[in-house]
>>> print(open('model34.cif').read())   # mmCIF, C-alpha atoms
data_model
loop_
_atom_site.label_atom_id
_atom_site.label_comp_id
_atom_site.auth_asym_id
_atom_site.auth_seq_id
_atom_site.Cartn_x
_atom_site.Cartn_y
_atom_site.Cartn_z
CA MET Z 472 86.30 -28.58 -62.45
CA PRO Z 473 85.26 -26.37 -65.35
CA GLU Z 474 85.74 -22.63 -65.12
CA LYS Z 475 82.35 -21.63 -66.43
CA LEU Z 476 79.78 -18.93 -65.69
CA THR Z 477 76.11 -19.89 -65.93
CA PHE Z 478 73.66 -16.98 -65.68
CA LEU Z 479 70.06 -17.73 -64.70
CA LEU Z 480 67.42 -15.05 -64.95
CA GLY Z 481 63.66 -14.83 -64.96
CA GLY Z 482 60.75 -13.25 -63.19
CA ALA Z 483 59.67 -13.57 -59.58
CA ARG Z 484 58.92 -17.16 -58.57
CA SER Z 485 60.11 -18.48 -61.93
CA GLY Z 486 62.28 -21.18 -60.31
CA LYS Z 487 65.66 -19.49 -60.80
CA SER Z 488 67.16 -20.26 -57.40
CA ALA Z 489 65.89 -23.83 -57.16
CA HIS Z 490 67.17 -24.63 -60.65
CA ALA Z 491 70.56 -23.07 -59.89
CA GLU Z 492 70.75 -25.20 -56.74
CA ARG Z 493 70.03 -28.35 -58.78
CA LEU Z 494 72.70 -27.43 -61.34
CA ILE Z 495 75.44 -26.67 -58.82
CA THR Z 496 74.87 -29.89 -56.87
CA GLN Z 497 75.90 -31.84 -59.96
CA PHE Z 498 79.43 -30.90 -58.86
CA PRO Z 499 81.07 -32.32 -55.75
CA ALA Z 500 80.54 -30.48 -52.47
CA PRO Z 501 81.33 -28.21 -50.82
CA TRP Z 502 79.26 -25.58 -52.60
CA THR Z 503 79.51 -21.89 -51.73
CA TYR Z 504 76.26 -19.94 -51.63
CA ILE Z 505 76.87 -16.19 -51.74
CA ALA Z 506 73.74 -14.49 -50.45
CA THR Z 507 73.04 -10.84 -51.18
CA ALA Z 508 69.76 -10.48 -49.27
CA GLN Z 509 69.37 -8.41 -46.14
CA ALA Z 510 66.60 -9.25 -43.68
CA TYR Z 511 65.01 -5.88 -43.03
CA ASP Z 512 61.57 -7.29 -42.15
CA ASP Z 513 59.74 -10.50 -41.21
CA GLU Z 514 58.75 -11.28 -44.79
CA MET Z 515 62.38 -11.16 -45.98
CA ARG Z 516 63.52 -13.21 -42.97
CA GLU Z 517 60.97 -15.87 -44.00
CA ARG Z 518 62.23 -15.87 -47.61
CA ILE Z 519 65.81 -16.28 -46.44
CA SER Z 520 64.75 -19.10 -44.11
CA ILE Z 521 63.03 -20.94 -46.98
CA HIS Z 522 66.13 -20.66 -49.16
CA ARG Z 523 68.38 -21.90 -46.34
CA GLY Z 524 65.98 -24.75 -45.60
CA ARG Z 525 66.33 -26.08 -49.14
CA ARG Z 526 70.08 -26.38 -48.75
CA GLY Z 527 71.38 -29.32 -46.78
CA ASP Z 528 74.84 -30.47 -45.85
CA GLY Z 529 77.71 -29.47 -48.09
CA TRP Z 530 76.80 -25.79 -48.34
CA LEU Z 531 78.86 -22.87 -47.06
CA THR Z 532 76.89 -19.62 -46.94
CA VAL Z 533 78.67 -16.30 -47.35
CA ASP Z 534 76.63 -13.12 -46.75
CA ALA Z 535 77.70 -10.42 -49.18
CA PRO Z 536 74.97 -7.78 -49.47
CA LEU Z 537 77.48 -5.23 -50.85
CA ASP Z 538 80.96 -6.75 -51.28
CA LEU Z 539 80.12 -9.41 -53.83
CA VAL Z 540 83.41 -8.79 -55.65
CA GLY Z 541 85.34 -9.45 -52.42
CA ALA Z 542 83.29 -12.56 -51.64
CA LEU Z 543 83.97 -14.00 -55.10
CA GLY Z 544 87.63 -13.14 -54.73
CA SER Z 545 87.87 -15.08 -51.48
CA VAL Z 546 86.51 -18.33 -52.95
CA LEU Z 547 89.10 -21.04 -53.57
CA ASP Z 548 89.81 -21.92 -57.20
CA GLY Z 549 87.61 -24.75 -58.44
CA THR Z 550 84.89 -24.19 -55.84
CA PRO Z 551 81.32 -24.36 -57.17
CA VAL Z 552 79.67 -21.00 -56.40
CA LEU Z 553 76.05 -19.86 -56.47
CA VAL Z 554 75.34 -16.12 -56.24
CA ASP Z 555 71.74 -15.31 -55.34
CA CYS Z 556 70.84 -12.69 -56.44
CA LEU Z 557 72.14 -9.75 -58.45
CA THR Z 558 68.99 -7.64 -58.22
CA LEU Z 559 69.10 -7.62 -54.41
CA TRP Z 560 72.81 -6.75 -54.60
CA LEU Z 561 71.96 -3.89 -56.97
CA THR Z 562 69.18 -2.70 -54.65
CA ASN Z 563 71.60 -2.67 -51.71
CA HIS Z 564 74.03 -0.46 -53.65
CA MET Z 565 71.27 1.87 -54.82
CA LEU Z 566 69.96 2.29 -51.25
CA ALA Z 567 73.52 2.98 -50.03
CA ASP Z 568 73.84 5.64 -52.75
CA HIS Z 569 76.89 3.95 -54.25
CA ASP Z 570 78.11 4.38 -57.82
CA VAL Z 571 76.05 1.57 -59.34
CA GLU Z 572 77.69 1.83 -62.74
CA ALA Z 573 81.18 1.44 -61.27
CA GLU Z 574 80.14 -1.39 -58.93
CA SER Z 575 78.40 -3.21 -61.80
CA ALA Z 576 81.48 -2.88 -64.01
CA ARG Z 577 83.71 -4.28 -61.22
CA LEU Z 578 81.36 -7.21 -60.72
CA ALA Z 579 81.05 -7.96 -64.44
CA ASP Z 580 84.84 -7.98 -64.70
CA VAL Z 581 85.18 -10.57 -61.91
CA LEU Z 582 82.36 -12.69 -63.33
CA SER Z 583 84.05 -12.71 -66.74
CA ARG Z 584 86.85 -14.78 -65.17
CA PRO Z 585 85.16 -17.58 -63.18
CA ARG Z 586 87.55 -19.78 -61.26
CA GLY Z 587 85.24 -22.78 -61.11
CA PRO Z 588 81.65 -23.62 -61.97
CA TRP Z 589 79.87 -20.39 -61.04
CA PHE Z 590 76.09 -19.87 -61.16
CA VAL Z 591 74.59 -16.40 -60.89
CA VAL Z 592 70.89 -15.65 -60.40
CA SER Z 593 69.16 -12.39 -61.34
CA ASN Z 594 65.66 -11.09 -62.01
CA GLU Z 595 64.50 -10.00 -65.42
CA VAL Z 596 62.63 -6.81 -64.52
CA GLY Z 597 62.18 -5.24 -67.94
CA LEU Z 598 59.25 -7.25 -69.26
CA GLY Z 599 56.49 -5.37 -67.46
CA ILE Z 600 55.03 -1.92 -67.75
CA VAL Z 601 57.14 1.22 -67.42
CA PRO Z 602 57.28 2.03 -63.69
CA ASP Z 603 55.46 5.16 -62.55
CA ASN Z 604 58.31 6.67 -60.52
CA ALA Z 605 61.90 7.70 -61.18
CA LEU Z 606 63.51 5.36 -58.61
CA ALA Z 607 61.74 2.29 -59.99
CA ARG Z 608 62.65 3.28 -63.57
CA ARG Z 609 66.28 3.77 -62.53
CA PHE Z 610 66.28 0.35 -60.85
CA ARG Z 611 64.77 -1.30 -63.95
CA ASP Z 612 67.32 0.37 -66.20
CA ASP Z 613 70.32 -0.37 -63.95
CA ALA Z 614 69.21 -3.99 -63.55
CA GLY Z 615 68.84 -4.34 -67.31
CA ARG Z 616 72.31 -2.94 -67.94
CA LEU Z 617 73.83 -5.20 -65.25
CA ASN Z 618 72.07 -8.27 -66.66
CA GLN Z 619 73.37 -7.44 -70.14
CA LYS Z 620 76.97 -7.21 -68.86
CA VAL Z 621 76.72 -10.51 -67.02
CA ALA Z 622 74.99 -12.26 -69.94
CA ALA Z 623 77.74 -11.09 -72.28
CA ALA Z 624 80.38 -12.54 -69.95
CA ALA Z 625 78.51 -15.80 -69.30
CA ASP Z 626 79.27 -19.08 -71.01
CA GLU Z 627 75.64 -20.11 -70.67
CA VAL Z 628 72.45 -18.09 -70.08
CA LEU Z 629 69.20 -19.71 -68.97
CA PHE Z 630 65.86 -17.90 -68.85
CA MET Z 631 63.45 -19.45 -66.37
CA VAL Z 632 59.73 -19.56 -67.12
CA SER Z 633 57.33 -21.34 -64.73
CA GLY Z 634 60.14 -23.52 -63.39
CA LEU Z 635 61.37 -24.47 -66.84
CA PRO Z 636 64.78 -23.41 -68.17
CA MET Z 637 65.03 -22.02 -71.68
CA LYS Z 638 68.56 -21.90 -73.07
CA VAL Z 639 69.33 -18.41 -74.38
CA LYS Z 640 73.08 -18.77 -74.83
#
>>> encode(input="model34.cif", output="structure tokens")
Amino acid sequence: MPEKLTFLLGGARSGKSAHAERLITQFPAPWTYIATAQAYDDEMRERISIHRGRRGDGWLTVDAPLDLVGALGSVLDGTPVLVDCLTLWLTNHMLADHDVEAESARLADVLSRPRGPWFVVSNEVGLGIVPDNALARRFRDDAGRLNQKVAAAADEVLFMVSGLPMKVK
């Protein structure tokens, strides 16, 4: 199987995850879904349930809200991998008061050397207005820097708009 990183980004409800799921299932199962979400409330539990409900047989789910580098390192060579999503992973590190710059650099390094067909989903958060508070501005800026690192390492970058993929790279 090809060792290739495909990066999918877009706004909320742009179809990123569903498109990534369609792309990865073009490869033979099993597929590894590395989830970064944490269910802190009922609304997030419902979102996670919807995502899980879309995936049928052939999927192995690995929960990695913080140790995404370790989760990627544990995947067997040649295994199709879907990481969903980088912005939740970033949020988890920010809330844990971790060194986001160092963690992002570690992740970008691992993603620059995919060991199979890897698909990574992230949100584009820099297209809206400038946030009105320092934490939100820091998140927007950190997410933008992380997305740039991953896009630079990716073999292919897709920008999702209303469920439609636009090839960027």
>>> atom_distance(input="model34.cif", atom1="atom CA of Ala567 of chain Z", atom2="atom CA of Gln509 of chain Z")
12.7 Å
>>> closest_residue(input="model34.cif", among="Z:Val533, Z:Val540, Z:Leu617, Z:Ala605", to="Pro585 of chain Z", atoms="all atoms listed in the file")
Z:Val540
>>> atom_distance(input="model34.cif", atom1="atom CA of Phe478 of chain Z", atom2="atom CA of Val591 of chain Z")
4.9 Å
>>> atom_distance(input="model34.cif", atom1="atom CA of Ser545 of chain Z", atom2="atom CA of Asp528 of chain Z")
20.9 Å
>>> residues_around(input="model34.cif", residues="Arg525 of chain Z", least_positions_apart="2", cutoff="12 Å", atoms="only C-alpha atoms", output="ChimeraX atom specification")
/Z:488-493,504,518-523,527-530
>>> axis_aligned_box(input="model34.cif", around="segment 608-617 of chain Z", padding_each_side="8 Å", output="AutoDock Vina command-line options")
--center_x 68.2 --center_y -0.7 --center_z -64.4 --size_x 27.2 --size_y 25.0 --size_z 23.1
>>> resolve_selection(input="model34.cif", expression="the PyMOL selection byres ((chain Z and resi 477) around 9)", output="JSON, numbers by chain")
{"Z": [475, 476, 478, 479, 491, 588, 589, 590, 591, 592, 622, 625, 626, 627, 628, 629]}
>>> closest_residue(input="model34.cif", among="Z:Asp603, Z:Asp555, Z:Glu574, Z:Asp580", to="Leu480 of chain Z", atoms="only C-alpha atoms")
Z:Asp555
